[in-house]
>>> print(open('target_2.txt').read())   # compact mmCIF, C-alpha atoms and all ligand atoms
# COMPACT_ATOMS: atom_id res chain seq x y z
CA MET G 1 144.86 53.11 188.68
CA LYS G 2 142.42 50.56 187.18
CA VAL G 3 143.25 50.08 183.49
CA ALA G 4 141.43 48.02 180.85
CA PHE G 5 142.03 47.33 177.17
CA ILE G 6 139.01 46.40 175.04
CA THR G 7 139.10 45.01 171.51
CA GLY G 8 135.76 45.32 169.69
CA ILE G 9 135.04 48.55 171.57
CA THR G 10 132.87 49.86 168.71
CA GLY G 11 130.58 46.82 168.87
CA GLN G 12 127.41 46.28 170.89
CA ASP G 13 129.15 44.74 173.91
CA GLY G 14 132.26 46.91 173.66
CA SER G 15 130.20 50.08 173.97
CA TYR G 16 128.27 48.91 177.05
CA LEU G 17 131.42 47.55 178.69
CA THR G 18 133.21 50.87 178.12
CA GLU G 19 130.38 52.78 179.81
CA PHE G 20 130.38 50.27 182.67
CA LEU G 21 134.15 50.51 183.25
CA LEU G 22 134.34 54.31 182.90
CA GLU G 23 131.66 54.55 185.57
CA LYS G 24 133.90 52.45 187.80
CA ASP G 25 136.76 54.92 187.19
CA TYR G 26 138.79 52.69 184.93
CA GLN G 27 141.04 54.11 182.30
CA VAL G 28 139.83 52.40 179.14
CA TRP G 29 142.00 51.79 176.09
CA GLY G 30 140.10 50.63 173.03
CA LEU G 31 141.01 49.14 169.66
CA ILE G 32 139.21 50.61 166.67
CA ARG G 33 139.49 49.70 163.01
CA ARG G 34 140.15 52.16 160.26
CA THR G 35 137.12 52.11 157.98
CA SER G 36 136.05 54.39 155.12
CA ASN G 37 132.78 55.04 156.93
CA ILE G 38 132.13 55.98 160.53
CA ASN G 39 132.11 52.87 162.79
CA THR G 40 132.23 54.65 166.17
CA ARG G 41 128.55 55.62 166.53
CA ARG G 42 128.07 53.49 169.66
CA ILE G 43 130.90 55.18 171.60
CA GLU G 44 130.87 58.76 170.30
CA HIS G 45 128.97 59.97 173.38
CA LEU G 46 132.01 58.93 175.46
CA TYR G 47 134.63 60.88 173.48
CA GLU G 48 134.79 63.77 175.99
CA ASN G 49 135.86 61.39 178.74
CA ASN G 50 139.60 61.80 179.34
CA ASN G 51 139.80 58.24 180.59
CA LEU G 52 139.04 56.86 177.14
CA ILE G 53 141.99 56.29 174.78
CA LEU G 54 141.43 54.88 171.30
CA LYS G 55 144.09 53.19 169.18
CA TYR G 56 143.82 52.05 165.58
CA GLY G 57 144.45 48.37 165.02
CA ASP G 58 143.19 45.00 163.93
CA LEU G 59 143.22 41.48 165.33
CA SER G 60 144.90 40.35 162.11
CA ASP G 61 147.94 42.58 162.82
CA SER G 62 150.20 41.10 165.51
CA THR G 63 152.82 43.89 165.33
CA ASN G 64 150.14 46.46 166.02
CA LEU G 65 148.77 44.48 168.99
CA LEU G 66 152.27 44.12 170.43
CA HIS G 67 152.94 47.86 170.09
CA ILE G 68 149.71 48.71 171.88
CA MET G 69 150.40 46.33 174.76
CA CYS G 70 153.93 47.78 175.11
CA GLU G 71 152.55 51.33 175.04
CA ILE G 72 149.99 50.59 177.78
CA LYS G 73 152.72 48.95 179.87
CA GLN G 74 155.04 51.91 179.42
CA LYS G 75 152.51 54.71 180.01
CA GLU G 76 150.21 53.38 182.71
CA SER G 77 150.82 52.22 186.23
CA PHE G 78 148.54 49.38 187.25
CA GLU G 79 148.59 46.30 189.40
CA LEU G 80 146.69 44.18 186.92
CA LEU G 81 145.64 45.21 183.42
CA GLU G 82 142.22 43.83 182.37
CA VAL G 83 142.09 42.82 178.70
CA TYR G 84 138.67 42.09 177.20
CA ASN G 85 138.88 40.44 173.78
CA LEU G 86 135.48 41.23 172.24
CA ALA G 87 136.59 41.78 168.65
CA ALA G 88 135.44 39.19 166.13
CA MET G 89 133.74 38.64 162.83
CA SER G 90 130.65 37.82 164.85
CA HIS G 91 127.99 36.95 162.27
CA VAL G 92 127.31 33.21 161.99
CA LYS G 93 125.69 33.33 158.52
CA VAL G 94 128.45 35.57 157.13
CA SER G 95 131.08 33.15 158.47
CA PHE G 96 129.93 30.58 155.89
CA GLU G 97 130.74 33.09 153.18
CA MET G 98 134.06 34.21 154.71
CA PRO G 99 135.35 31.12 156.55
CA GLU G 100 139.06 31.86 156.15
CA TYR G 101 138.75 35.49 157.29
CA THR G 102 136.62 34.32 160.22
CA ALA G 103 139.22 31.74 161.24
CA ASP G 104 141.95 34.38 161.00
CA THR G 105 140.27 37.08 163.13
CA THR G 106 137.77 35.26 165.36
CA GLY G 107 140.14 32.31 165.89
CA VAL G 108 143.85 33.11 165.39
CA GLY G 109 143.22 36.73 166.45
CA VAL G 110 142.82 35.46 170.03
CA LEU G 111 146.27 33.87 169.85
CA ARG G 112 147.79 37.08 168.46
CA LEU G 113 146.44 39.08 171.39
CA LEU G 114 147.45 36.51 174.01
CA ASP G 115 150.92 36.41 172.54
CA ALA G 116 151.21 40.20 172.44
CA ILE G 117 150.47 40.15 176.19
CA ARG G 118 153.17 37.54 176.75
CA SER G 119 155.76 39.15 174.49
CA SER G 120 155.27 42.54 176.14
CA GLY G 121 156.08 40.96 179.52
CA LEU G 122 152.56 41.34 180.89
CA THR G 123 151.78 37.64 181.51
CA ASP G 124 151.70 38.09 185.29
CA LYS G 125 150.27 41.62 185.23
CA CYS G 126 147.20 40.91 183.16
CA LYS G 127 143.74 39.37 183.38
CA PHE G 128 142.39 38.21 180.02
CA TYR G 129 138.71 37.76 179.08
CA GLN G 130 137.82 35.82 175.92
CA ALA G 131 134.36 36.34 174.38
CA SER G 132 133.45 32.70 173.88
CA SER G 133 130.02 31.79 172.63
CA SER G 134 127.11 29.37 173.02
CA GLU G 135 127.72 28.66 169.31
CA LEU G 136 130.39 26.25 170.63
CA TYR G 137 127.53 23.89 171.58
CA GLY G 138 126.01 24.00 168.07
CA MET G 139 124.41 20.59 167.65
CA VAL G 140 123.67 20.34 171.33
CA GLN G 141 124.83 17.26 173.21
CA GLU G 142 122.66 17.95 176.28
CA VAL G 143 119.91 20.32 177.39
CA PRO G 144 120.45 22.76 179.05
CA GLN G 145 124.09 23.52 178.26
CA THR G 146 126.62 24.07 181.06
CA GLU G 147 130.39 24.54 181.33
CA THR G 148 130.81 20.75 181.06
CA THR G 149 128.58 20.13 178.02
CA PRO G 150 130.67 18.79 175.08
CA PHE G 151 131.05 21.17 172.14
CA HIS G 152 129.87 20.54 168.56
CA PRO G 153 130.12 23.82 166.60
CA ARG G 154 128.06 24.10 163.40
CA SER G 155 129.62 27.03 161.54
CA PRO G 156 133.04 28.45 160.63
CA TYR G 157 132.29 31.06 163.31
CA GLY G 158 131.65 28.37 165.94
CA VAL G 159 134.79 26.47 164.93
CA ALA G 160 136.89 29.66 165.10
CA LYS G 161 135.46 30.41 168.57
CA LEU G 162 136.39 26.85 169.60
CA TYR G 163 140.03 27.64 168.79
CA GLY G 164 139.75 30.89 170.76
CA TYR G 165 138.27 29.02 173.73
CA TRP G 166 141.05 26.42 173.80
CA ILE G 167 143.98 28.76 173.17
CA THR G 168 142.75 30.86 176.11
CA LYS G 169 142.67 27.76 178.32
CA ASN G 170 146.07 26.75 176.97
CA TYR G 171 147.69 30.06 177.93
CA ARG G 172 146.19 29.65 181.39
CA GLU G 173 147.60 26.14 181.77
CA ALA G 174 150.92 26.64 179.98
CA TYR G 175 151.96 30.10 181.22
CA GLY G 176 149.83 30.54 184.35
CA MET G 177 148.07 33.51 182.77
CA PHE G 178 144.83 34.75 184.35
CA ALA G 179 142.82 33.90 181.24
CA SER G 180 139.07 33.18 181.42
CA ASN G 181 136.33 32.31 178.95
CA GLY G 182 132.83 33.71 179.20
CA ILE G 183 130.56 31.32 177.26
CA LEU G 184 127.82 33.79 176.52
CA PHE G 185 124.41 32.93 175.13
CA ASN G 186 122.76 35.42 172.73
CA HIS G 187 122.44 38.91 174.12
CA GLU G 188 120.76 41.77 172.36
CA SER G 189 119.85 45.43 172.85
CA SER G 190 118.88 48.58 171.02
CA ARG G 191 122.55 48.67 169.90
CA ARG G 192 122.48 45.18 168.35
CA GLY G 193 123.82 45.02 164.78
CA PRO G 194 120.90 45.38 162.33
CA THR G 195 121.38 42.02 160.59
CA PHE G 196 121.00 39.86 163.70
CA ILE G 197 117.45 38.52 163.90
CA THR G 198 116.17 40.43 166.95
CA ARG G 199 117.20 43.84 165.63
CA LYS G 200 116.13 42.89 162.11
CA ILE G 201 112.65 42.26 163.52
CA THR G 202 112.38 45.50 165.52
CA ARG G 203 113.80 47.60 162.66
CA GLY G 204 111.56 45.76 160.20
CA LEU G 205 108.55 46.56 162.38
CA ARG G 206 109.50 50.25 162.32
CA MET G 207 109.78 50.25 158.55
CA ILE G 208 106.39 48.57 158.19
CA LEU G 209 104.79 51.11 160.58
CA THR G 210 106.28 54.07 158.69
CA GLY G 211 105.51 52.62 155.27
CA GLU G 212 109.20 52.45 154.25
CA ARG G 213 108.70 48.71 153.62
CA ASP G 214 105.63 46.55 153.28
CA ARG G 215 107.13 43.28 154.58
CA LEU G 216 109.76 41.57 156.69
CA ILE G 217 111.53 38.60 155.14
CA VAL G 218 113.21 36.14 157.51
CA GLY G 219 114.67 32.61 157.61
CA ASN G 220 114.09 29.84 160.15
CA LEU G 221 111.10 30.86 162.29
CA ASP G 222 111.46 27.91 164.64
CA ALA G 223 115.06 28.46 165.78
CA LYS G 224 115.15 28.96 169.55
CA ARG G 225 117.63 31.08 171.46
CA ASP G 226 118.34 31.97 175.09
CA TRP G 227 118.13 35.75 174.61
CA GLY G 228 119.33 38.19 177.29
CA HIS G 229 120.26 41.88 177.42
CA ALA G 230 123.85 42.94 176.60
CA LYS G 231 124.01 45.27 179.62
CA ASP G 232 123.62 42.32 182.01
CA TYR G 233 126.24 40.34 180.11
CA VAL G 234 128.99 42.99 180.19
CA GLU G 235 128.61 43.15 183.96
CA GLY G 236 129.09 39.37 183.92
CA MET G 237 132.30 39.75 181.89
CA TRP G 238 133.68 42.12 184.50
CA LYS G 239 132.65 39.77 187.32
CA ILE G 240 134.45 36.89 185.60
CA LEU G 241 137.70 38.89 185.78
CA GLN G 242 137.10 39.89 189.42
CA HIS G 243 136.86 36.21 190.48
CA ASP G 244 139.88 35.08 192.53
CA THR G 245 140.90 32.42 190.00
CA PRO G 246 140.71 32.24 186.20
CA ASP G 247 137.87 29.97 185.08
CA ASP G 248 135.21 29.46 182.41
CA PHE G 249 131.61 30.57 182.97
CA VAL G 250 128.30 30.27 181.11
CA LEU G 251 126.17 33.43 181.12
CA SER G 252 122.54 32.84 180.12
CA THR G 253 118.97 33.66 181.15
CA ASN G 254 118.10 29.92 181.39
CA GLU G 255 114.99 30.27 179.19
CA PHE G 256 114.59 30.11 175.44
CA HIS G 257 112.14 31.47 172.87
CA SER G 258 111.64 31.04 169.13
CA VAL G 259 112.17 33.59 166.37
CA ARG G 260 108.41 33.24 165.73
CA GLU G 261 107.66 34.26 169.32
CA PHE G 262 110.02 37.26 169.08
CA ILE G 263 108.12 38.46 166.01
CA GLU G 264 104.69 37.93 167.61
CA LYS G 265 105.62 39.82 170.80
CA SER G 266 107.32 42.71 168.99
CA PHE G 267 104.40 43.25 166.59
CA LYS G 268 101.88 42.87 169.44
CA MET G 269 103.60 45.76 171.24
CA LYS G 270 102.52 47.97 168.34
CA GLY G 271 98.99 46.55 168.32
CA ILE G 272 99.52 44.08 165.46
CA ASP G 273 98.33 40.49 166.05
CA ILE G 274 100.23 38.10 163.79
CA GLU G 275 98.47 34.95 162.59
CA TRP G 276 100.55 32.25 160.83
CA ASN G 277 99.44 30.47 157.70
CA GLY G 278 101.10 27.86 155.46
CA GLU G 279 104.24 25.79 155.93
CA GLY G 280 107.99 25.94 155.32
CA LEU G 281 109.03 28.49 152.73
CA ASN G 282 105.35 29.18 152.01
CA GLU G 283 104.53 30.17 155.58
CA VAL G 284 103.44 33.77 156.07
CA GLY G 285 102.59 36.03 159.01
CA ILE G 286 99.34 37.91 158.52
CA ASP G 287 98.06 40.98 160.35
CA LYS G 288 94.81 39.59 161.81
CA ASN G 289 93.04 42.94 161.62
CA SER G 290 93.83 44.07 158.09
CA GLY G 291 94.55 40.69 156.50
CA ARG G 292 97.82 42.10 155.09
CA VAL G 293 100.72 39.68 154.78
CA LEU G 294 103.62 41.21 156.73
CA ILE G 295 106.07 38.32 157.26
CA TYR G 296 107.58 36.14 154.55
CA VAL G 297 110.14 33.31 154.72
CA SER G 298 113.09 33.02 152.33
CA ASP G 299 115.77 30.35 152.09
CA LYS G 300 118.23 33.22 151.52
CA TYR G 301 118.38 33.54 155.32
CA PHE G 302 118.87 29.83 156.05
CA ARG G 303 122.31 28.56 157.02
CA PRO G 304 124.09 25.55 155.45
CA ALA G 305 124.06 24.02 158.96
CA GLU G 306 121.64 25.41 161.56
CA VAL G 307 121.80 25.53 165.34
CA ASP G 308 118.20 24.68 166.18
CA GLU G 309 118.03 25.39 169.89
CA LEU G 310 120.28 26.82 172.56
CA LEU G 311 119.39 26.87 176.24
CA GLY G 312 121.92 27.78 178.91
CA ASP G 313 122.31 26.90 182.56
CA SER G 314 124.27 29.66 184.29
CA THR G 315 124.11 28.19 187.80
CA LYS G 316 127.92 28.37 188.15
CA ALA G 317 128.07 32.13 187.45
CA ARG G 318 125.01 32.75 189.61
CA THR G 319 126.58 30.86 192.52
CA LEU G 320 130.26 31.81 192.31
CA LEU G 321 130.00 35.32 190.83
CA ASN G 322 126.64 36.34 192.25
CA TRP G 323 125.65 37.25 188.67
CA LYS G 324 122.01 37.30 187.64
CA PRO G 325 120.37 39.00 184.64
CA LYS G 326 118.07 41.91 185.50
CA TYR G 327 116.30 41.97 182.12
CA ASP G 328 113.77 39.32 181.13
CA PHE G 329 112.54 38.50 177.62
CA ASN G 330 109.62 40.95 177.70
CA MET G 331 111.79 43.83 178.99
CA LEU G 332 114.32 43.16 176.25
CA ILE G 333 111.69 43.26 173.50
CA LYS G 334 110.08 46.38 174.98
CA GLU G 335 113.40 48.26 174.95
CA MET G 336 114.24 47.20 171.41
CA VAL G 337 110.79 48.03 170.00
CA GLU G 338 110.71 51.41 171.77
CA SER G 339 114.21 52.24 170.58
CA ASP G 340 113.46 51.43 166.95
CA CYS G 341 109.87 52.66 166.78
CA ASP G 342 109.57 55.59 169.22
CA VAL G 343 111.32 58.83 168.31
CA ASN G 344 111.86 59.92 171.91
CA PHE G 345 113.80 56.83 173.00
CA ASN G 346 117.33 57.65 174.21
CA TYR G 347 119.75 55.19 172.60
CA TYR G 348 122.41 55.90 175.26
CA SER G 349 120.32 55.79 178.44
P1 LIG J 401 129.65 43.09 167.31
O1 LIG J 401 128.61 44.10 167.67
O2 LIG J 401 129.60 42.42 165.97
O3 LIG J 401 131.07 43.79 167.49
C1 LIG J 401 132.24 43.19 167.01
C2 LIG J 401 133.40 44.14 167.25
O4 LIG J 401 134.60 43.53 166.74
C3 LIG J 401 133.27 45.49 166.52
O5 LIG J 401 133.83 46.49 167.35
C4 LIG J 401 134.13 45.29 165.28
O6 LIG J 401 134.63 46.48 164.75
C5 LIG J 401 135.26 44.47 165.89
N1 LIG J 401 136.05 43.74 164.91
C6 LIG J 401 135.60 42.91 163.93
N2 LIG J 401 136.64 42.39 163.25
C7 LIG J 401 137.76 42.92 163.79
C8 LIG J 401 139.15 42.79 163.52
N3 LIG J 401 139.61 42.00 162.54
N4 LIG J 401 140.03 43.47 164.28
C9 LIG J 401 139.60 44.30 165.27
N5 LIG J 401 138.29 44.47 165.57
C10 LIG J 401 137.39 43.78 164.84
O7 LIG J 401 129.69 41.92 168.39
P2 LIG J 401 129.04 41.87 169.87
O8 LIG J 401 127.65 41.37 169.76
O9 LIG J 401 129.33 43.13 170.58
O10 LIG J 401 129.87 40.65 170.50
C11 LIG J 401 131.12 40.90 171.15
C12 LIG J 401 131.91 39.60 171.16
O11 LIG J 401 131.19 38.58 171.84
C13 LIG J 401 132.23 39.02 169.79
O12 LIG J 401 133.49 38.38 169.88
C14 LIG J 401 131.16 37.98 169.58
O13 LIG J 401 131.60 36.98 168.68
C15 LIG J 401 131.00 37.46 170.99
N6 LIG J 401 129.68 36.94 171.36
C16 LIG J 401 128.56 37.68 171.13
C17 LIG J 401 127.34 37.21 171.55
C18 LIG J 401 126.07 38.02 171.35
O14 LIG J 401 124.98 37.44 171.44
N7 LIG J 401 126.16 39.32 171.12
C19 LIG J 401 127.26 35.98 172.23
C20 LIG J 401 128.43 35.27 172.46
C21 LIG J 401 129.64 35.76 172.04
P3 LIG J 401 133.76 47.38 163.71
O15 LIG J 401 132.79 48.16 164.55
O16 LIG J 401 134.79 48.21 163.05
O17 LIG J 401 133.07 46.41 162.81
O1 LIG J 402 120.38 34.26 164.53
C1 LIG J 402 117.58 32.56 162.90
C2 LIG J 402 118.98 32.06 162.62
O2 LIG J 402 121.96 35.88 163.51
C3 LIG J 402 119.59 33.69 165.54
C4 LIG J 402 125.87 36.15 167.36
O3 LIG J 402 125.92 37.22 168.28
O4 LIG J 402 124.65 34.78 168.91
C5 LIG J 402 124.62 35.34 167.61
O5 LIG J 402 124.53 34.32 166.63
C6 LIG J 402 118.67 32.62 164.94
C7 LIG J 402 119.41 31.62 164.01
O6 LIG J 402 122.29 35.10 165.90
C8 LIG J 402 116.85 35.05 160.36
O7 LIG J 402 118.95 31.00 161.65
C9 LIG J 402 115.85 33.34 161.23
O8 LIG J 402 118.95 30.33 164.27
O9 LIG J 402 120.47 36.65 165.40
P1 LIG J 402 121.28 35.58 164.79
P2 LIG J 402 123.13 33.75 166.10
O10 LIG J 402 123.40 33.07 164.83
O11 LIG J 402 122.47 32.97 167.17
C10 LIG J 402 125.76 33.89 169.16
C11 LIG J 402 125.67 33.42 170.59
C12 LIG J 402 127.07 34.50 168.79
O12 LIG J 402 128.09 34.19 169.39
C13 LIG J 402 127.11 35.29 167.54
O13 LIG J 402 128.25 36.15 167.54
O14 LIG J 402 117.70 33.27 164.12
N1 LIG J 402 117.06 33.47 161.87
N2 LIG J 402 115.70 34.28 160.31
C14 LIG J 402 117.69 34.53 161.34
N3 LIG J 402 118.88 35.09 161.64
C15 LIG J 402 119.24 36.21 160.95
N4 LIG J 402 120.41 36.80 161.24
N5 LIG J 402 118.44 36.75 159.97
C16 LIG J 402 117.23 36.21 159.62
O15 LIG J 402 116.53 36.70 158.75
>>> encode(input="target_2.txt", output="structure tokens")
Amino acid sequence: MKVAFITGITGQDGSYLTEFLLEKDYQVWGLIRRTSNINTRRIEHLYENNNLILKYGDLSDSTNLLHIMCEIKQKESFELLEVYNLAAMSHVKVSFEMPEYTADTTGVGVLRLLDAIRSSGLTDKCKFYQASSSELYGMVQEVPQTETTPFHPRSPYGVAKLYGYWITKNYREAYGMFASNGILFNHESSRRGPTFITRKITRGLRMILTGERDRLIVGNLDAKRDWGHAKDYVEGMWKILQHDTPDDFVLSTNEFHSVREFIEKSFKMKGIDIEWNGEGLNEVGIDKNSGRVLIYVSDKYFRPAEVDELLGDSTKARTLLNWKPKYDFNMLIKEMVESDCDVNFNYYS
């Protein structure tokens, strides 16, 4: 029996990874948080599947993590359990407002899970994937960034992920655990959280088209990111754990685009040509046809320390894992715009 345990199963990546593994006949155990509102929208379509088992828990609760690992060990028979640690307080801007909570869950949470694996006697019967991030590079020390580029994180989130990266490596070196880091560059989809910039743009476009809102207000228009599609990246996570040895891999598209460009392309898909006027906080995006101002800039969305540009080089994963993204930038935008703006789009297809 192939068995996997996923933390962060209700998130963007967790939901795609669950679909991917269920299709490969895995039994999937997932960690969900108790919340006063429904947080399982992305995985509800999978509830009927008998191979999906959900457990309440939290990365801040080590006793709970230990109990779950012991329960999986006791109930399931497997050669190697695959553990994907995707749970995190994943919003960079929010991490400046909640640095201690971010350190506790995004950082020390990784240690709690690794130690639950060890304490439950699963060290040699487990493969561990840590969701590391291109935010580790922060103020970039070289372009493009590879597995050997030095790190310089620029946010409490990035610093917490740095701890997660190193404690994963440490458990590999100290205890011989199959523990790997995927250093993933930004990946998006129609299931992306609504406050990340790509989804904020495509949802904002919908609200402008329907008249719910008359404008979209954003922060740094010139930030550049290496944006891929989450579906490609969850396949990469799985491939990282199928490699014969534990190792660290960059997953990226190897091209970058600005926030400005993402806005222009998304609006163009709905027939709106954006023309820019002004500078800095006074810059606006105008609909060329109507002359209406649709895009405004506010310092509310700037970060105390910004990551200006991220560009990955995923040659190692492409060579050793035979991983390559299927989606390009235009396909990604098309899917996101259709999903947010077209009623007939199937969120789960
Ligand atoms: P996401 O949509 O924000 O999902 C985060 C998941 O973590 C959700 O299921 C959330 O649960 C859960 N979670 C948050 N705090 C938790 C806690 N204390 N205990 C247990 N679960 C908790 O993130 P994503 O985009 O899918 O990213 C997945 C992982 O990859 C994250 O670790 C992220 O930092 C990392 N990463 C993402 C990217 C990217 O571009 N997407 C790139 C590099 C690395 P709720 O649903 O209850 O909130
Ligand atoms: O920002 C700029 C912002 O919040 C991207 C997470 O998944 O990827 C993600 O982190 C860029 C930044 O993602 C707005 O300043 C401009 O430069 O979509 P984002 P992120 O910070 O890159 C990494 C790899 C992760 O690991 C994280 O978990 O866009 N930007 N205006 C804005 N960003 C937001 N959110 N909102 C704006 O209005």
>>> closest_residue(input="target_2.txt", among="G:Lys127, G:Lys24, G:Lys316, G:His45", to="Leu241 in chain G", atoms="all atoms listed in the file")
G:Lys127
>>> atom_distance(input="target_2.txt", atom1="CA of Met177 in chain G", atom2="CA of Asp124 in chain G")
6.4 Å
>>> residues_near_point(input="target_2.txt", point="(154.4, 44.8, 179.1)", cutoff="6 Å", atoms="all atoms listed in the file", output="list in words")
Cys70, Lys73, Ser120, Gly121 and Leu122 of chain G
>>> residues_near_ligand(input="target_2.txt", ligand="ligand LIG 401 (chain J)", cutoff="8 Å", atoms="only C-alpha atoms and all ligand atoms", output="number ranges by chain")
G: 7-15, 31-35, 39-40, 57-60, 85-91, 105-106, 109, 130-135, 161, 183-188, 191-193, 227, 230
>>> atom_distance(input="target_2.txt", atom1="CA of Ser180 in chain G", atom2="atom O14 of ligand LIG 402 (chain J)")
27.5 Å
>>> build_atoms(input="target_2.txt", residues="range 263-270 of chain G", atoms="all heavy atoms", output="PDB file, in the frame of the given file")
ATOM      1  N   ILE G 263     108.889  37.653 166.970  1.00  0.00           N
ATOM      2  CA  ILE G 263     108.120  38.460 166.010  1.00  0.00           C
ATOM      3  C   ILE G 263     106.745  38.773 166.588  1.00  0.00           C
ATOM      4  O   ILE G 263     106.300  39.930 166.601  1.00  0.00           O
ATOM      5  CB  ILE G 263     107.962  37.693 164.663  1.00  0.00           C
ATOM      6  CG1 ILE G 263     109.330  37.539 163.980  1.00  0.00           C
ATOM      7  CG2 ILE G 263     106.960  38.392 163.745  1.00  0.00           C
ATOM      8  CD1 ILE G 263     109.319  36.698 162.713  1.00  0.00           C
ATOM      9  N   GLU G 264     106.062  37.728 167.086  1.00  0.00           N
ATOM     10  CA  GLU G 264     104.690  37.930 167.610  1.00  0.00           C
ATOM     11  C   GLU G 264     104.676  38.991 168.703  1.00  0.00           C
ATOM     12  O   GLU G 264     103.861  39.898 168.698  1.00  0.00           O
ATOM     13  CB  GLU G 264     104.152  36.610 168.192  1.00  0.00           C
ATOM     14  CG  GLU G 264     103.772  35.591 167.136  1.00  0.00           C
ATOM     15  CD  GLU G 264     103.553  34.198 167.727  1.00  0.00           C
ATOM     16  OE1 GLU G 264     103.609  34.044 168.973  1.00  0.00           O
ATOM     17  OE2 GLU G 264     103.348  33.256 166.935  1.00  0.00           O
ATOM     18  N   LYS G 265     105.601  38.894 169.655  1.00  0.00           N
ATOM     19  CA  LYS G 265     105.620  39.820 170.800  1.00  0.00           C
ATOM     20  C   LYS G 265     105.966  41.237 170.365  1.00  0.00           C
ATOM     21  O   LYS G 265     105.408  42.206 170.871  1.00  0.00           O
ATOM     22  CB  LYS G 265     106.603  39.342 171.867  1.00  0.00           C
ATOM     23  CG  LYS G 265     106.066  38.178 172.664  1.00  0.00           C
ATOM     24  CD  LYS G 265     106.782  38.022 173.997  1.00  0.00           C
ATOM     25  CE  LYS G 265     106.229  36.842 174.758  1.00  0.00           C
ATOM     26  NZ  LYS G 265     105.465  37.194 175.936  1.00  0.00           N
ATOM     27  N   SER G 266     106.922  41.369 169.445  1.00  0.00           N
ATOM     28  CA  SER G 266     107.320  42.710 168.990  1.00  0.00           C
ATOM     29  C   SER G 266     106.150  43.388 168.278  1.00  0.00           C
ATOM     30  O   SER G 266     105.830  44.552 168.545  1.00  0.00           O
ATOM     31  CB  SER G 266     108.496  42.633 168.006  1.00  0.00           C
ATOM     32  OG  SER G 266     109.546  41.932 168.567  1.00  0.00           O
ATOM     33  N   PHE G 267     105.505  42.659 167.363  1.00  0.00           N
ATOM     34  CA  PHE G 267     104.400  43.250 166.590  1.00  0.00           C
ATOM     35  C   PHE G 267     103.209  43.555 167.503  1.00  0.00           C
ATOM     36  O   PHE G 267     102.536  44.570 167.345  1.00  0.00           O
ATOM     37  CB  PHE G 267     104.007  42.334 165.424  1.00  0.00           C
ATOM     38  CG  PHE G 267     104.914  42.502 164.223  1.00  0.00           C
ATOM     39  CD1 PHE G 267     106.256  42.165 164.296  1.00  0.00           C
ATOM     40  CD2 PHE G 267     104.436  43.031 163.030  1.00  0.00           C
ATOM     41  CE1 PHE G 267     107.119  42.334 163.199  1.00  0.00           C
ATOM     42  CE2 PHE G 267     105.277  43.209 161.930  1.00  0.00           C
ATOM     43  CZ  PHE G 267     106.621  42.853 162.018  1.00  0.00           C
ATOM     44  N   LYS G 268     102.982  42.681 168.487  1.00  0.00           N
ATOM     45  CA  LYS G 268     101.880  42.870 169.440  1.00  0.00           C
ATOM     46  C   LYS G 268     102.056  44.186 170.198  1.00  0.00           C
ATOM     47  O   LYS G 268     101.077  44.880 170.506  1.00  0.00           O
ATOM     48  CB  LYS G 268     101.854  41.669 170.401  1.00  0.00           C
ATOM     49  CG  LYS G 268     100.773  41.721 171.451  1.00  0.00           C
ATOM     50  CD  LYS G 268      99.450  41.271 170.873  1.00  0.00           C
ATOM     51  CE  LYS G 268      98.333  41.368 171.893  1.00  0.00           C
ATOM     52  NZ  LYS G 268      97.013  41.450 171.294  1.00  0.00           N
ATOM     53  N   MET G 269     103.339  44.509 170.498  1.00  0.00           N
ATOM     54  CA  MET G 269     103.600  45.760 171.240  1.00  0.00           C
ATOM     55  C   MET G 269     103.120  46.983 170.481  1.00  0.00           C
ATOM     56  O   MET G 269     102.883  48.037 171.059  1.00  0.00           O
ATOM     57  CB  MET G 269     105.111  45.910 171.483  1.00  0.00           C
ATOM     58  CG  MET G 269     105.545  45.254 172.765  1.00  0.00           C
ATOM     59  SD  MET G 269     107.121  45.921 173.270  1.00  0.00           S
ATOM     60  CE  MET G 269     106.710  47.607 173.650  1.00  0.00           C
ATOM     61  N   LYS G 270     103.014  46.856 169.167  1.00  0.00           N
ATOM     62  CA  LYS G 270     102.520  47.970 168.340  1.00  0.00           C
ATOM     63  C   LYS G 270     101.092  47.689 167.862  1.00  0.00           C
ATOM     64  O   LYS G 270     100.626  48.232 166.849  1.00  0.00           O
ATOM     65  CB  LYS G 270     103.463  48.204 167.152  1.00  0.00           C
ATOM     66  CG  LYS G 270     104.767  48.836 167.588  1.00  0.00           C
ATOM     67  CD  LYS G 270     104.534  50.282 168.014  1.00  0.00           C
ATOM     68  CE  LYS G 270     105.572  50.826 168.948  1.00  0.00           C
ATOM     69  NZ  LYS G 270     105.200  52.073 169.598  1.00  0.00           N
TER      70      LYS G 270
END
